[in-house]
$ cat upload27.pdb   # PDB, C-alpha atoms
ATOM      1  CA  GLN A1023     -16.963  -0.473  -7.936  1.00  0.00           C
ATOM      2  CA  ALA A1024     -15.227   0.061  -4.629  1.00  0.00           C
ATOM      3  CA  LEU A1025     -13.635  -2.909  -2.942  1.00  0.00           C
ATOM      4  CA  ALA A1026     -15.124  -3.761   0.412  1.00  0.00           C
ATOM      5  CA  GLU A1027     -12.787  -3.403   3.354  1.00  0.00           C
ATOM      6  CA  PRO A1028     -12.423  -6.522   5.483  1.00  0.00           C
ATOM      7  CA  SER A1029     -13.673  -6.081   9.020  1.00  0.00           C
ATOM      8  CA  GLY A1030     -11.004  -6.097  11.662  1.00  0.00           C
ATOM      9  CA  LEU A1031      -8.569  -3.862   9.776  1.00  0.00           C
ATOM     10  CA  SER A1032      -7.561  -0.738  11.649  1.00  0.00           C
ATOM     11  CA  PHE A1033      -6.743   2.199   9.354  1.00  0.00           C
ATOM     12  CA  PRO A1034      -4.428   3.938   8.727  1.00  0.00           C
ATOM     13  CA  ILE A1035      -1.925   1.153   8.069  1.00  0.00           C
ATOM     14  CA  LEU A1036       1.763   2.012   7.701  1.00  0.00           C
ATOM     15  CA  VAL A1037       2.998   0.936   4.256  1.00  0.00           C
ATOM     16  CA  SER A1038       6.279   1.196   2.375  1.00  0.00           C
ATOM     17  CA  ARG A1039       7.874   0.359  -0.928  1.00  0.00           C
ATOM     18  CA  ARG A1040      11.329   0.416  -2.449  1.00  0.00           C
ATOM     19  CA  TYR A1041      12.083   1.918  -5.822  1.00  0.00           C
ATOM     20  CA  LYS A1042      15.594   2.197  -7.258  1.00  0.00           C
ATOM     21  CA  GLY A1043      17.138   1.678  -3.834  1.00  0.00           C
ATOM     22  CA  LYS A1044      15.081   4.324  -2.061  1.00  0.00           C
ATOM     23  CA  LEU A1045      12.500   3.539   0.629  1.00  0.00           C
ATOM     24  CA  TYR A1046       9.163   5.365   0.374  1.00  0.00           C
ATOM     25  CA  SER A1047       6.595   5.229   3.142  1.00  0.00           C
ATOM     26  CA  GLY A1048       2.996   6.233   3.533  1.00  0.00           C
ATOM     27  CA  HIS A1049      -0.310   5.196   5.040  1.00  0.00           C
ATOM     28  CA  LEU A1050      -3.038   3.019   3.611  1.00  0.00           C
ATOM     29  CA  LEU A1051      -6.344   4.752   4.359  1.00  0.00           C
ATOM     30  CA  LYS A1052      -9.967   3.634   4.317  1.00  0.00           C
ATOM     31  CA  GLY A1053     -11.171   3.315   0.739  1.00  0.00           C
ATOM     32  CA  TRP A1054      -7.796   1.796  -0.236  1.00  0.00           C
ATOM     33  CA  ARG A1055      -6.246   5.232  -0.757  1.00  0.00           C
ATOM     34  CA  ILE A1056      -2.575   5.955  -0.028  1.00  0.00           C
ATOM     35  CA  GLU A1057      -1.392   9.063   1.809  1.00  0.00           C
ATOM     36  CA  MET A1058       2.220   9.972   1.184  1.00  0.00           C
ATOM     37  CA  ASN A1059       3.926  13.216   2.211  1.00  0.00           C
ATOM     38  CA  GLY A1060       0.593  14.910   2.885  1.00  0.00           C
ATOM     39  CA  LYS A1061      -0.918  14.031  -0.512  1.00  0.00           C
ATOM     40  CA  VAL A1062      -3.685  11.448  -0.831  1.00  0.00           C
ATOM     41  CA  TYR A1063      -3.689   9.210  -3.912  1.00  0.00           C
ATOM     42  CA  PRO A1064      -6.959   7.559  -4.976  1.00  0.00           C
ATOM     43  CA  SER A1065      -5.394   4.103  -5.262  1.00  0.00           C
ATOM     44  CA  PRO A1066      -2.264   2.134  -4.368  1.00  0.00           C
ATOM     45  CA  SER A1067      -1.357   1.993  -8.068  1.00  0.00           C
ATOM     46  CA  GLY A1068      -1.710   5.773  -8.410  1.00  0.00           C
ATOM     47  CA  ALA A1069       0.740   6.341  -5.563  1.00  0.00           C
ATOM     48  CA  ALA A1070       3.156   3.742  -6.953  1.00  0.00           C
ATOM     49  CA  GLY A1071       3.034   5.323 -10.402  1.00  0.00           C
ATOM     50  CA  HIS A1072       3.695   8.760  -8.941  1.00  0.00           C
ATOM     51  CA  ILE A1073       6.996   7.427  -7.578  1.00  0.00           C
ATOM     52  CA  SER A1074       8.129   5.493 -10.659  1.00  0.00           C
ATOM     53  CA  GLY A1075       6.642   7.630 -13.425  1.00  0.00           C
ATOM     54  CA  HIS A1076       4.918   4.649 -15.054  1.00  0.00           C
ATOM     55  CA  PHE A1077       2.027   2.306 -14.272  1.00  0.00           C
ATOM     56  CA  GLU A1078       2.667  -0.249 -11.544  1.00  0.00           C
ATOM     57  CA  ASN A1079       0.422  -2.632  -9.667  1.00  0.00           C
ATOM     58  CA  GLY A1080       0.353  -0.844  -6.330  1.00  0.00           C
ATOM     59  CA  TRP A1081      -1.317  -3.820  -4.654  1.00  0.00           C
ATOM     60  CA  ARG A1082       1.915  -5.749  -5.188  1.00  0.00           C
ATOM     61  CA  VAL A1083       4.601  -3.088  -4.638  1.00  0.00           C
ATOM     62  CA  TRP A1084       3.256  -1.473  -1.452  1.00  0.00           C
ATOM     63  CA  ARG A1085       4.005  -3.599   1.598  1.00  0.00           C
ATOM     64  CA  TYR A1086       2.959  -3.726   5.230  1.00  0.00           C
ATOM     65  CA  ILE A1087       4.188  -5.597   8.306  1.00  0.00           C
ATOM     66  CA  ASP A1088       1.994  -8.533   9.274  1.00  0.00           C
ATOM     67  CA  GLU A1089       1.891  -8.185  13.062  1.00  0.00           C
ATOM     68  CA  SER A1090       1.118 -11.880  13.565  1.00  0.00           C
ATOM     69  CA  ASN A1091       4.596 -12.908  12.386  1.00  0.00           C
ATOM     70  CA  ASN A1092       6.429  -9.599  11.787  1.00  0.00           C
ATOM     71  CA  GLU A1093       6.837 -10.371   8.058  1.00  0.00           C
ATOM     72  CA  GLU A1094       6.610  -7.855   5.245  1.00  0.00           C
ATOM     73  CA  LYS A1095       3.763  -8.675   2.858  1.00  0.00           C
ATOM     74  CA  PRO A1096       2.136  -7.001  -0.170  1.00  0.00           C
ATOM     75  CA  ILE A1097      -0.995  -5.011   0.681  1.00  0.00           C
ATOM     76  CA  ASP A1098      -2.867  -7.253  -1.762  1.00  0.00           C
ATOM     77  CA  ARG A1099      -3.093  -9.688   1.165  1.00  0.00           C
ATOM     78  CA  LEU A1100      -5.217  -7.159   3.096  1.00  0.00           C
ATOM     79  CA  ARG A1101      -7.969  -7.230   0.469  1.00  0.00           C
ATOM     80  CA  ASN A1102      -8.509 -10.922   1.081  1.00  0.00           C
ATOM     81  CA  SER A1103      -8.175 -11.012   4.847  1.00  0.00           C
TER      82      SER A1103
END
$ encode --input "upload27.pdb" --output "structure tokens"
Amino acid sequence: QALAEPSGLSFPILVSRRYKGKLYSGHLLKGWRIEMNGKVYPSPSGAAGHISGHFENGWRVWRYIDESNNEEKPIDRLRNS
């Protein structure tokens, strides 16, 4: 079942993650999909796994900037906002 999107979020949301010292960036889209380099992944974990080559919890590794305090936070926080 699809996760409901909290009201008040404005998509797309700029997201990034580090893997082996390299910074990867993309956009979190409606439906909790990740767009990276023109390719859309069906889930944050799918996009994370594409980078690392193994399963990862994309909700924890992808991060966004919380505009209220300018801190980097895992996108998991957006699901509960």
$ resolve_selection --input "upload27.pdb" --expression "the PyMOL selection byres ((chain A and resi 1056) around 12)" --output "PyMOL selection string"
chain A and resi 1033-1039+1046-1055+1057-1072+1080-1081+1084-1085+1097
$ write_last_selection --input "upload27.pdb" --atoms "C-alpha atoms" --output "PDB file, keeping the file's coordinate frame"
ATOM      1  CA  PHE A1033      -6.743   2.199   9.354  1.00  0.00           C
ATOM      2  CA  PRO A1034      -4.428   3.938   8.727  1.00  0.00           C
ATOM      3  CA  ILE A1035      -1.925   1.153   8.069  1.00  0.00           C
ATOM      4  CA  LEU A1036       1.763   2.012   7.701  1.00  0.00           C
ATOM      5  CA  VAL A1037       2.998   0.936   4.256  1.00  0.00           C
ATOM      6  CA  SER A1038       6.279   1.196   2.375  1.00  0.00           C
ATOM      7  CA  ARG A1039       7.874   0.359  -0.928  1.00  0.00           C
ATOM      8  CA  TYR A1046       9.163   5.365   0.374  1.00  0.00           C
ATOM      9  CA  SER A1047       6.595   5.229   3.142  1.00  0.00           C
ATOM     10  CA  GLY A1048       2.996   6.233   3.533  1.00  0.00           C
ATOM     11  CA  HIS A1049      -0.310   5.196   5.040  1.00  0.00           C
ATOM     12  CA  LEU A1050      -3.038   3.019   3.611  1.00  0.00           C
ATOM     13  CA  LEU A1051      -6.344   4.752   4.359  1.00  0.00           C
ATOM     14  CA  LYS A1052      -9.967   3.634   4.317  1.00  0.00           C
ATOM     15  CA  GLY A1053     -11.171   3.315   0.739  1.00  0.00           C
ATOM     16  CA  TRP A1054      -7.796   1.796  -0.236  1.00  0.00           C
ATOM     17  CA  ARG A1055      -6.246   5.232  -0.757  1.00  0.00           C
ATOM     18  CA  GLU A1057      -1.392   9.063   1.809  1.00  0.00           C
ATOM     19  CA  MET A1058       2.220   9.972   1.184  1.00  0.00           C
ATOM     20  CA  ASN A1059       3.926  13.216   2.211  1.00  0.00           C
ATOM     21  CA  GLY A1060       0.593  14.910   2.885  1.00  0.00           C
ATOM     22  CA  LYS A1061      -0.918  14.031  -0.512  1.00  0.00           C
ATOM     23  CA  VAL A1062      -3.685  11.448  -0.831  1.00  0.00           C
ATOM     24  CA  TYR A1063      -3.689   9.210  -3.912  1.00  0.00           C
ATOM     25  CA  PRO A1064      -6.959   7.559  -4.976  1.00  0.00           C
ATOM     26  CA  SER A1065      -5.394   4.103  -5.262  1.00  0.00           C
ATOM     27  CA  PRO A1066      -2.264   2.134  -4.368  1.00  0.00           C
ATOM     28  CA  SER A1067      -1.357   1.993  -8.068  1.00  0.00           C
ATOM     29  CA  GLY A1068      -1.710   5.773  -8.410  1.00  0.00           C
ATOM     30  CA  ALA A1069       0.740   6.341  -5.563  1.00  0.00           C
ATOM     31  CA  ALA A1070       3.156   3.742  -6.953  1.00  0.00           C
ATOM     32  CA  GLY A1071       3.034   5.323 -10.402  1.00  0.00           C
ATOM     33  CA  HIS A1072       3.695   8.760  -8.941  1.00  0.00           C
ATOM     34  CA  GLY A1080       0.353  -0.844  -6.330  1.00  0.00           C
ATOM     35  CA  TRP A1081      -1.317  -3.820  -4.654  1.00  0.00           C
ATOM     36  CA  TRP A1084       3.256  -1.473  -1.452  1.00  0.00           C
ATOM     37  CA  ARG A1085       4.005  -3.599   1.598  1.00  0.00           C
ATOM     38  CA  ILE A1097      -0.995  -5.011   0.681  1.00  0.00           C
TER      39      ILE A1097
END
$ atom_distance --input "upload27.pdb" --atom1 "CA of Glu1094 in chain A" --atom2 "CA of Gly1030 in chain A"
18.8 Å
$ atom_distance --input "upload27.pdb" --atom1 "CA of Tyr1041 in chain A" --atom2 "CA of Asn1092 in chain A"
21.8 Å
$ atom_distance --input "upload27.pdb" --atom1 "CA of Asp1088 in chain A" --atom2 "CA of Arg1040 in chain A"
17.5 Å
$ build_atoms --input "upload27.pdb" --residues "range 1028-1056 of chain A" --atoms "N, CA and C atoms" --output "PDB file, in the coordinates of the input"
ATOM      1  N   PRO A1028     -12.183  -5.446   4.514  1.00  0.00           N
ATOM      2  CA  PRO A1028     -12.423  -6.522   5.483  1.00  0.00           C
ATOM      3  C   PRO A1028     -12.605  -5.950   6.877  1.00  0.00           C
ATOM      4  N   SER A1029     -13.505  -6.538   7.644  1.00  0.00           N
ATOM      5  CA  SER A1029     -13.673  -6.081   9.020  1.00  0.00           C
ATOM      6  C   SER A1029     -12.436  -6.491   9.808  1.00  0.00           C
ATOM      7  N   GLY A1030     -12.157  -5.759  10.842  1.00  0.00           N
ATOM      8  CA  GLY A1030     -11.004  -6.097  11.662  1.00  0.00           C
ATOM      9  C   GLY A1030      -9.749  -5.334  11.287  1.00  0.00           C
ATOM     10  N   LEU A1031      -9.734  -4.670  10.133  1.00  0.00           N
ATOM     11  CA  LEU A1031      -8.569  -3.862   9.776  1.00  0.00           C
ATOM     12  C   LEU A1031      -8.686  -2.512  10.471  1.00  0.00           C
ATOM     13  N   SER A1032      -7.585  -2.022  10.968  1.00  0.00           N
ATOM     14  CA  SER A1032      -7.561  -0.738  11.649  1.00  0.00           C
ATOM     15  C   SER A1032      -6.746   0.235  10.801  1.00  0.00           C
ATOM     16  N   PHE A1033      -7.417   1.208  10.194  1.00  0.00           N
ATOM     17  CA  PHE A1033      -6.743   2.199   9.354  1.00  0.00           C
ATOM     18  C   PHE A1033      -6.377   3.406  10.197  1.00  0.00           C
ATOM     19  N   PRO A1034      -5.333   4.174   9.857  1.00  0.00           N
ATOM     20  CA  PRO A1034      -4.428   3.938   8.727  1.00  0.00           C
ATOM     21  C   PRO A1034      -3.421   2.826   9.035  1.00  0.00           C
ATOM     22  N   ILE A1035      -2.913   2.225   7.971  1.00  0.00           N
ATOM     23  CA  ILE A1035      -1.925   1.153   8.069  1.00  0.00           C
ATOM     24  C   ILE A1035      -0.625   1.667   7.452  1.00  0.00           C
ATOM     25  N   LEU A1036       0.463   1.574   8.204  1.00  0.00           N
ATOM     26  CA  LEU A1036       1.763   2.012   7.701  1.00  0.00           C
ATOM     27  C   LEU A1036       2.201   1.101   6.550  1.00  0.00           C
ATOM     28  N   VAL A1037       2.555   1.702   5.423  1.00  0.00           N
ATOM     29  CA  VAL A1037       2.998   0.936   4.256  1.00  0.00           C
ATOM     30  C   VAL A1037       4.302   1.529   3.730  1.00  0.00           C
ATOM     31  N   SER A1038       5.032   0.717   2.965  1.00  0.00           N
ATOM     32  CA  SER A1038       6.279   1.196   2.375  1.00  0.00           C
ATOM     33  C   SER A1038       6.538   0.457   1.078  1.00  0.00           C
ATOM     34  N   ARG A1039       7.436   1.025   0.294  1.00  0.00           N
ATOM     35  CA  ARG A1039       7.874   0.359  -0.928  1.00  0.00           C
ATOM     36  C   ARG A1039       9.258   0.861  -1.281  1.00  0.00           C
ATOM     37  N   ARG A1040      10.000   0.023  -1.977  1.00  0.00           N
ATOM     38  CA  ARG A1040      11.329   0.416  -2.449  1.00  0.00           C
ATOM     39  C   ARG A1040      11.264   0.642  -3.952  1.00  0.00           C
ATOM     40  N   TYR A1041      11.984   1.669  -4.385  1.00  0.00           N
ATOM     41  CA  TYR A1041      12.083   1.918  -5.822  1.00  0.00           C
ATOM     42  C   TYR A1041      13.464   2.483  -6.083  1.00  0.00           C
ATOM     43  N   LYS A1042      14.227   1.791  -6.920  1.00  0.00           N
ATOM     44  CA  LYS A1042      15.594   2.197  -7.258  1.00  0.00           C
ATOM     45  C   LYS A1042      16.421   2.484  -6.009  1.00  0.00           C
ATOM     46  N   GLY A1043      16.316   1.588  -5.029  1.00  0.00           N
ATOM     47  CA  GLY A1043      17.138   1.678  -3.834  1.00  0.00           C
ATOM     48  C   GLY A1043      16.659   2.636  -2.769  1.00  0.00           C
ATOM     49  N   LYS A1044      15.585   3.369  -3.044  1.00  0.00           N
ATOM     50  CA  LYS A1044      15.081   4.324  -2.061  1.00  0.00           C
ATOM     51  C   LYS A1044      13.811   3.775  -1.420  1.00  0.00           C
ATOM     52  N   LEU A1045      13.678   3.989  -0.107  1.00  0.00           N
ATOM     53  CA  LEU A1045      12.500   3.539   0.629  1.00  0.00           C
ATOM     54  C   LEU A1045      11.493   4.685   0.707  1.00  0.00           C
ATOM     55  N   TYR A1046      10.264   4.410   0.299  1.00  0.00           N
ATOM     56  CA  TYR A1046       9.163   5.365   0.374  1.00  0.00           C
ATOM     57  C   TYR A1046       8.162   4.820   1.381  1.00  0.00           C
ATOM     58  N   SER A1047       7.593   5.705   2.187  1.00  0.00           N
ATOM     59  CA  SER A1047       6.595   5.229   3.142  1.00  0.00           C
ATOM     60  C   SER A1047       5.354   6.099   3.071  1.00  0.00           C
ATOM     61  N   GLY A1048       4.264   5.533   3.530  1.00  0.00           N
ATOM     62  CA  GLY A1048       2.996   6.233   3.533  1.00  0.00           C
ATOM     63  C   GLY A1048       2.012   5.481   4.403  1.00  0.00           C
ATOM     64  N   HIS A1049       0.742   5.843   4.263  1.00  0.00           N
ATOM     65  CA  HIS A1049      -0.310   5.196   5.040  1.00  0.00           C
ATOM     66  C   HIS A1049      -1.424   4.748   4.111  1.00  0.00           C
ATOM     67  N   LEU A1050      -1.873   3.531   4.314  1.00  0.00           N
ATOM     68  CA  LEU A1050      -3.038   3.019   3.611  1.00  0.00           C
ATOM     69  C   LEU A1050      -4.254   3.481   4.402  1.00  0.00           C
ATOM     70  N   LEU A1051      -5.160   4.188   3.720  1.00  0.00           N
ATOM     71  CA  LEU A1051      -6.344   4.752   4.359  1.00  0.00           C
ATOM     72  C   LEU A1051      -7.590   3.958   3.984  1.00  0.00           C
ATOM     73  N   LYS A1052      -8.679   4.233   4.697  1.00  0.00           N
ATOM     74  CA  LYS A1052      -9.967   3.634   4.317  1.00  0.00           C
ATOM     75  C   LYS A1052     -10.246   3.980   2.863  1.00  0.00           C
ATOM     76  N   GLY A1053     -10.898   3.083   2.154  1.00  0.00           N
ATOM     77  CA  GLY A1053     -11.171   3.315   0.739  1.00  0.00           C
ATOM     78  C   GLY A1053      -9.998   2.911  -0.135  1.00  0.00           C
ATOM     79  N   TRP A1054      -9.000   2.276   0.468  1.00  0.00           N
ATOM     80  CA  TRP A1054      -7.796   1.796  -0.236  1.00  0.00           C
ATOM     81  C   TRP A1054      -7.018   2.931  -0.897  1.00  0.00           C
ATOM     82  N   ARG A1055      -7.043   4.110  -0.261  1.00  0.00           N
ATOM     83  CA  ARG A1055      -6.246   5.232  -0.757  1.00  0.00           C
ATOM     84  C   ARG A1055      -4.909   5.217  -0.032  1.00  0.00           C
ATOM     85  N   ILE A1056      -3.910   5.862  -0.638  1.00  0.00           N
ATOM     86  CA  ILE A1056      -2.575   5.955  -0.028  1.00  0.00           C
ATOM     87  C   ILE A1056      -2.265   7.428   0.231  1.00  0.00           C
TER      88      ILE A1056
END
